file query.csv (CSV, C-alpha atoms and all ligand atoms)
chain,number,residue,atom,x,y,z
D,1,MET,CA,-7.7,-43.3,9.9
D,2,LYS,CA,-10.6,-41.3,8.5
D,3,THR,CA,-11.7,-40.4,12.0
D,4,LEU,CA,-8.3,-39.4,12.9
D,5,CYS,CA,-8.1,-37.1,9.9
D,6,LYS,CA,-11.4,-35.6,10.8
D,7,LEU,CA,-10.3,-35.1,14.4
D,8,SER,CA,-7.0,-33.5,13.5
D,9,PHE,CA,-8.9,-31.2,11.1
D,10,LEU,CA,-11.2,-30.2,13.9
D,11,LEU,CA,-8.4,-29.6,16.3
D,12,LEU,CA,-6.7,-27.5,13.6
D,13,PHE,CA,-9.8,-25.6,13.2
D,14,PHE,CA,-10.2,-24.9,16.9
D,15,ALA,CA,-6.5,-24.0,17.2
D,16,THR,CA,-6.9,-21.5,14.4
D,17,PHE,CA,-10.1,-20.2,15.7
D,18,THR,CA,-8.9,-19.7,19.3
D,19,SER,CA,-5.7,-18.0,18.2
D,20,TYR,CA,-7.8,-15.3,16.5
D,21,CYS,CA,-10.8,-15.4,18.6
D,22,CYS,CA,-10.1,-12.2,20.5
D,23,ASP,CA,-8.5,-10.3,17.8
D,24,ALA,CA,-10.1,-8.9,14.7
D,25,LEU,CA,-6.9,-8.9,12.6
D,26,PRO,CA,-5.6,-10.5,10.6
D,27,LEU,CA,-8.8,-11.1,8.7
D,28,SER,CA,-9.4,-14.4,7.0
D,29,THR,CA,-11.4,-15.7,4.1
D,30,HIS,CA,-14.3,-18.1,3.9
D,31,LYS,CA,-15.1,-19.1,0.3
D,32,ARG,CA,-15.5,-15.7,-1.5
D,33,TRP,CA,-16.0,-13.7,1.7
D,34,ILE,CA,-13.5,-11.7,3.9
D,35,MET,CA,-14.3,-12.6,7.5
D,36,ASP,CA,-13.6,-11.2,10.9
D,37,GLU,CA,-13.2,-14.3,13.0
D,38,ALA,CA,-13.6,-12.4,16.2
D,39,THR,CA,-17.2,-11.6,15.4
D,40,GLY,CA,-17.9,-14.2,12.7
D,41,LYS,CA,-19.1,-11.4,10.4
D,42,ARG,CA,-18.2,-10.5,6.9
D,43,VAL,CA,-15.9,-7.5,6.5
D,44,LYS,CA,-16.3,-5.1,3.6
D,45,LEU,CA,-13.4,-3.0,2.7
D,46,THR,CA,-14.4,0.6,1.9
D,47,CYS,CA,-11.1,2.0,0.6
D,48,ALA,CA,-10.2,5.5,-0.5
D,49,HIS,CA,-7.3,5.7,-3.0
D,50,TRP,CA,-4.4,7.6,-1.6
D,51,VAL,CA,-1.9,8.3,-4.4
D,52,THR,CA,1.7,7.9,-3.6
D,53,HIS,CA,2.8,6.5,-7.1
D,54,ALA,CA,3.0,9.9,-8.9
D,55,GLU,CA,6.3,11.7,-9.7
D,56,PRO,CA,6.9,13.2,-6.2
D,57,MET,CA,6.7,9.6,-4.7
D,58,LEU,CA,5.1,11.1,-1.7
D,59,ALA,CA,1.5,10.7,-0.4
D,60,GLU,CA,-0.6,13.5,-1.9
D,61,GLY,CA,-2.0,16.2,0.4
D,62,LEU,CA,0.9,16.6,2.8
D,63,SER,CA,1.2,20.1,1.4
D,64,HIS,CA,-2.4,20.8,2.7
D,65,LEU,CA,-2.7,19.2,6.2
D,66,PRO,CA,-0.6,17.5,8.8
D,67,LEU,CA,-0.4,13.8,8.2
D,68,ASN,CA,-2.4,12.7,11.2
D,69,ASP,CA,-5.2,15.1,10.4
D,70,ILE,CA,-5.5,13.6,6.9
D,71,VAL,CA,-5.5,10.1,8.2
D,72,LYS,CA,-8.2,11.0,10.8
D,73,GLN,CA,-10.5,12.0,7.9
D,74,PHE,CA,-10.8,8.5,6.4
D,75,PRO,CA,-12.9,7.0,9.2
D,76,GLN,CA,-14.7,10.3,9.6
D,77,ARG,CA,-15.8,10.0,6.0
D,78,GLY,CA,-16.8,6.4,6.2
D,79,PHE,CA,-13.7,4.7,4.9
D,80,ASN,CA,-12.3,1.8,6.9
D,81,CYS,CA,-9.4,1.3,4.4
D,82,VAL,CA,-7.0,3.1,2.2
D,83,ARG,CA,-5.5,1.8,-1.1
D,84,LEU,CA,-2.1,3.3,-0.9
D,85,SER,CA,-0.5,3.1,-4.3
D,86,TYR,CA,3.2,3.1,-4.9
D,87,ALA,CA,5.6,2.9,-7.8
D,88,THR,CA,8.1,0.0,-7.8
D,89,TYR,CA,11.1,2.3,-8.6
D,90,MET,CA,10.4,4.2,-5.4
D,91,PHE,CA,11.5,1.0,-3.5
D,92,THR,CA,14.1,-0.3,-5.9
D,93,ARG,CA,15.8,2.9,-7.0
D,94,TYR,CA,14.8,5.9,-4.9
D,95,ALA,CA,14.2,4.4,-1.5
D,96,ASN,CA,17.2,6.3,0.0
D,97,VAL,CA,16.8,9.5,-1.9
D,98,SER,CA,15.4,12.4,0.3
D,99,VAL,CA,12.0,13.8,-0.4
D,100,SER,CA,13.5,17.3,-0.7
D,101,GLU,CA,16.0,16.2,-3.3
D,102,THR,CA,13.2,14.8,-5.5
D,103,PHE,CA,11.2,18.0,-5.1
D,104,ARG,CA,14.2,20.0,-6.0
D,105,SER,CA,14.6,18.1,-9.2
D,106,LEU,CA,10.9,18.5,-10.0
D,107,ASP,CA,11.3,22.2,-9.5
D,108,ILE,CA,8.2,22.8,-7.5
D,109,PRO,CA,9.3,25.2,-4.7
D,110,GLU,CA,5.7,26.3,-3.9
D,111,MET,CA,4.9,22.7,-3.0
D,112,VAL,CA,8.0,22.5,-0.8
D,113,ALA,CA,7.0,25.6,1.0
D,114,ALA,CA,3.5,24.2,1.6
D,115,ILE,CA,4.9,20.9,2.9
D,116,GLU,CA,7.3,22.9,5.1
D,117,LYS,CA,4.3,24.5,6.7
D,118,HIS,CA,2.2,21.4,7.4
D,119,ASN,CA,4.7,18.5,7.6
D,120,PRO,CA,8.2,19.9,7.8
D,121,TRP,CA,9.6,16.7,9.1
D,122,VAL,CA,8.9,14.8,5.9
D,123,LEU,CA,11.2,16.8,3.7
D,124,LYS,CA,14.5,15.5,5.1
D,125,MET,CA,13.2,12.0,5.2
D,126,THR,CA,14.0,9.4,2.5
D,127,HIS,CA,11.2,8.2,0.3
D,128,LEU,CA,11.1,4.9,2.1
D,129,HIS,CA,10.9,6.5,5.6
D,130,ALA,CA,8.2,9.0,4.4
D,131,PHE,CA,6.1,6.1,3.0
D,132,GLU,CA,6.6,4.2,6.3
D,133,ALA,CA,5.5,7.3,8.2
D,134,VAL,CA,2.2,7.3,6.3
D,135,VAL,CA,1.7,3.6,6.8
D,136,ASP,CA,2.4,4.0,10.6
D,137,SER,CA,-0.1,6.8,10.9
D,138,LEU,CA,-2.8,4.7,9.2
D,139,ASP,CA,-1.9,1.7,11.2
D,140,LYS,CA,-2.0,3.6,14.5
D,141,GLN,CA,-5.4,5.1,13.7
D,142,GLY,CA,-6.8,1.7,12.8
D,143,VAL,CA,-7.3,2.3,9.1
D,144,MET,CA,-6.7,-0.9,7.0
D,145,MET,CA,-4.4,-0.6,4.0
D,146,VAL,CA,-4.1,-2.3,0.7
D,147,ILE,CA,-0.6,-1.4,-0.4
D,148,ASP,CA,-0.9,-1.3,-4.1
D,149,ASN,CA,1.8,-1.8,-6.7
D,150,HIS,CA,0.4,0.6,-9.2
D,151,VAL,CA,3.2,1.3,-11.7
D,152,SER,CA,7.0,0.9,-12.0
D,153,LEU,CA,8.0,4.4,-13.1
D,154,PRO,CA,6.5,7.0,-10.7
D,155,LYS,CA,3.9,8.7,-12.9
D,156,TRP,CA,0.2,9.3,-13.0
D,157,CYS,CA,-1.2,6.4,-15.0
D,158,CYS,CA,-2.9,4.9,-17.1
D,159,LEU,CA,-2.8,5.3,-20.8
D,160,TYR,CA,-2.5,2.2,-23.0
D,161,ASP,CA,0.8,3.5,-24.5
D,162,ASP,CA,2.5,4.8,-21.3
D,163,GLN,CA,4.8,1.8,-21.0
D,164,ILE,CA,4.1,1.3,-17.3
D,165,GLY,CA,1.8,-1.6,-17.4
D,166,PHE,CA,2.6,-5.3,-17.3
D,167,PHE,CA,4.7,-7.7,-19.4
D,168,ASN,CA,6.7,-6.3,-22.4
D,169,ASP,CA,6.2,-2.7,-21.4
D,170,ARG,CA,9.4,-0.7,-21.2
D,171,HIS,CA,9.0,0.0,-17.5
D,172,PHE,CA,8.2,-3.6,-16.5
D,173,GLN,CA,11.2,-5.7,-15.7
D,174,PRO,CA,9.9,-8.9,-14.0
D,175,HIS,CA,13.1,-9.1,-11.8
D,176,GLU,CA,12.8,-5.6,-10.5
D,177,TRP,CA,9.1,-5.9,-10.0
D,178,LEU,CA,9.6,-9.0,-7.9
D,179,GLN,CA,12.3,-7.2,-6.0
D,180,GLY,CA,9.9,-4.4,-5.3
D,181,LEU,CA,7.1,-6.7,-4.1
D,182,ASP,CA,9.7,-8.4,-1.8
D,183,LEU,CA,10.8,-5.1,-0.3
D,184,VAL,CA,7.3,-4.0,0.4
D,185,ALA,CA,6.3,-7.3,1.9
D,186,HIS,CA,9.3,-7.3,4.2
D,187,SER,CA,9.0,-3.6,5.1
D,188,PHE,CA,5.3,-4.0,6.3
D,189,LYS,CA,4.9,-7.5,7.4
D,190,GLU,CA,4.7,-6.4,11.1
D,191,LYS,CA,1.9,-3.9,10.4
D,192,ARG,CA,-1.4,-5.3,11.5
D,193,HIS,CA,-3.5,-3.3,9.1
D,194,VAL,CA,-1.6,-4.0,5.9
D,195,SER,CA,-2.2,-6.3,3.0
D,196,CYS,CA,-0.6,-6.1,-0.4
D,197,HIS,CA,-2.1,-5.9,-3.8
D,198,MET,CA,-1.3,-5.3,-7.5
D,199,TYR,CA,-3.1,-3.0,-9.8
D,200,ARG,CA,-1.7,-3.0,-13.4
D,201,HIS,CA,-3.3,-2.4,-16.7
D,202,GLU,CA,-2.4,-4.5,-19.7
D,203,LYS,CA,-1.3,-3.0,-22.9
D,204,ILE,CA,-3.8,-3.5,-25.7
D,205,ASN,CA,-2.3,-3.5,-29.2
D,301,LIG,C1,19.0,1.8,0.7
D,301,LIG,O1,20.0,1.7,1.8
D,301,LIG,C2,19.9,0.4,2.4
D,301,LIG,C3,20.8,0.4,3.6
D,301,LIG,O2,22.1,0.9,3.3
D,301,LIG,C4,20.3,-0.7,1.3
D,301,LIG,O3,20.3,-2.0,1.8
D,301,LIG,C5,19.3,-0.6,0.1
D,301,LIG,O4,19.7,-1.4,-0.9
D,301,LIG,C6,19.3,0.9,-0.4
D,301,LIG,N1,18.2,0.9,-1.4
D,301,LIG,C7,18.3,1.5,-2.6
D,301,LIG,C8,17.1,1.5,-3.5
D,301,LIG,O5,19.3,2.1,-2.9
call {"tool": "encode", "arguments": {"input": "query.csv", "output": "structure tokens", "more": "lines below"}}
Ligand SMILES: *[C@@H]1O[C@H](CO)[C@@H](O)[C@H](O)[C@H]1NC(C)=O
result
Amino acid sequence: MKTLCKLSFLLLFFATFTSYCCDALPLSTHKRWIMDEATGKRVKLTCAHWVTHAEPMLAEGLSHLPLNDIVKQFPQRGFNCVRLSYATYMFTRYANVSVSETFRSLDIPEMVAAIEKHNPWVLKMTHLHAFEAVVDSLDKQGVMMVIDNHVSLPKWCCLYDDQIGFFNDRHFQPHEWLQGLDLVAHSFKEKRHVSCHMYRHEKIN
């Protein structure tokens, strides 16, 4: 029985190994390390933080350069990964609101004009589609992503009294938070370069 267990374990190991042997993604873990099973080497994530969790709920910089040109810069500057931060409410409340509508309500016409110049297509998109376009561009250019649940209310964070941290904060309803995680996981599960993560600060009284 013991031998059988060992054998099936070995088979399982080889099955797992062969299924990933020619493909670097998805990555796996070994003890505390992140591994690329194709090469047997450790992988280190070198991530830049790309903010999408602020009030405009749009990846920053689209008012400066075309999306693909921004994405190209990550590997050029030595980053193999982007931590793409989002606000839960963008998925649970504003997913179908258009980017231009949000910008109108924020009253920042100069920003709209600049986006119109570099990424005009994004203005008529919904927030969900605009976020997906950013993920797609990173995915296509082989940049790994840690899609990061940063806050609930779209807002620059983090102050200890901003109410956008974890439990018992005004902008933290566990039900909606779980709904947001679920939406993100479902939206991006087919993307090879995506993993999900949470960054939240705890309130200190
Ligand atoms: C957006 O629209 C889709 C499709 O109609 C719907 O399933 C989803 O609940 C909507 N999301 C929000 C946040 O309103």
call {"tool": "closest_residue", "arguments": {"input": "query.csv", "among": "D:Thr88, D:Thr126, D:Asn80, D:Asn119", "to": "Gly142 in chain D", "atoms": "all atoms listed in the file"}}
result
D:Asn80
call {"tool": "residues_around", "arguments": {"input": "query.csv", "residues": "range 113-118 of chain D", "least_positions_apart": "3", "cutoff": "6 Å", "atoms": "all atoms listed in the file", "output": "list in words"}}
result
Leu62, Ser63, Leu65, Pro66 and Glu110 of chain D
call {"tool": "write_last_selection", "arguments": {"input": "query.csv", "atoms": "C-alpha atoms", "output": "tab-separated table (two decimals), keeping the file's coordinate frame"}}
result
chain	number	residue	atom	x	y	z
D	62	LEU	CA	0.90	16.60	2.80
D	63	SER	CA	1.20	20.10	1.40
D	65	LEU	CA	-2.70	19.20	6.20
D	66	PRO	CA	-0.60	17.50	8.80
D	110	GLU	CA	5.70	26.30	-3.90
call {"tool": "residues_around", "arguments": {"input": "query.csv", "residues": "range 153-164 of chain D", "least_positions_apart": "2", "cutoff": "7 Å", "atoms": "all atoms listed in the file", "output": "PyMOL selection string"}}
result
chain D and resi 53-55+57+87-89+151+166+169-172+203-204
call {"tool": "residues_near_ligand", "arguments": {"input": "query.csv", "ligand": "ligand LIG 301 (chain D)", "cutoff": "8 Å", "atoms": "all atoms listed in the file", "output": "list of chain:residue names"}}
result
D:Tyr89, D:Met90, D:Phe91, D:Thr92, D:Arg93, D:Tyr94, D:Ala95, D:Asn96, D:Val97
call {"tool": "closest_residue", "arguments": {"input": "query.csv", "among": "D:Glu101, D:Glu60, D:Asp36, D:Asp148", "to": "Leu123 in chain D", "atoms": "only C-alpha atoms"}}
result
D:Glu101
call {"tool": "closest_residue", "arguments": {"input": "query.csv", "among": "D:Phe74, D:Trp33, D:Phe188, D:Trp177", "to": "Val143 in chain D", "atoms": "all atoms listed in the file"}}
result
D:Phe74
call {"tool": "atom_distance", "arguments": {"input": "query.csv", "atom1": "CA of Lys44 in chain D", "atom2": "CA of His197 in chain D"}}
result
16.0 Å
call {"tool": "atom_distance", "arguments": {"input": "query.csv", "atom1": "CA of Ser85 in chain D", "atom2": "CA of Glu37 in chain D"}}
result
27.6 Å
call {"tool": "atom_distance", "arguments": {"input": "query.csv", "atom1": "CA of His30 in chain D", "atom2": "CA of Val43 in chain D"}}
result
11.0 Å
call {"tool": "closest_residue", "arguments": {"input": "query.csv", "among": "D:Pro109, D:Val135, D:Ala59, D:Met144", "to": "Cys47 in chain D", "atoms": "all atoms listed in the file"}}
result
D:Met144
call {"tool": "residues_around", "arguments": {"input": "query.csv", "residues": "Arg192 in chain D", "least_positions_apart": "2", "cutoff": "8 Å", "atoms": "all atoms listed in the file", "output": "count of residues only"}}
result
6
call {"tool": "closest_residue", "arguments": {"input": "query.csv", "among": "D:Ser195, D:Thr46, D:Ser137, D:Gln179", "to": "Asn68 in chain D", "atoms": "only C-alpha atoms"}}
result
D:Ser137
call {"tool": "residues_near_point", "arguments": {"input": "query.csv", "point": "(-8.6, 9.0, 13.6)", "cutoff": "9 Å", "atoms": "only C-alpha atoms", "output": "PyMOL selection string"}}
result
chain D and resi 68-76+138+140-143
call {"tool": "residues_around", "arguments": {"input": "query.csv", "residues": "range 130-132 of chain D", "least_positions_apart": "6", "cutoff": "8 Å", "atoms": "only C-alpha atoms", "output": "PyMOL selection string"}}
result
chain D and resi 58-59+99+122
call {"tool": "residues_around", "arguments": {"input": "query.csv", "residues": "Ile34 in chain D", "least_positions_apart": "5", "cutoff": "10 Å", "atoms": "only C-alpha atoms", "output": "list in words"}}
result
Leu27, Ser28, Thr29, Lys41, Arg42, Val43, Lys44 and Leu45 of chain D
call {"tool": "closest_residue", "arguments": {"input": "query.csv", "among": "D:His127, D:His150, D:Arg104, D:His49", "to": "Met198 in chain D", "atoms": "all atoms listed in the file"}}
result
D:His150
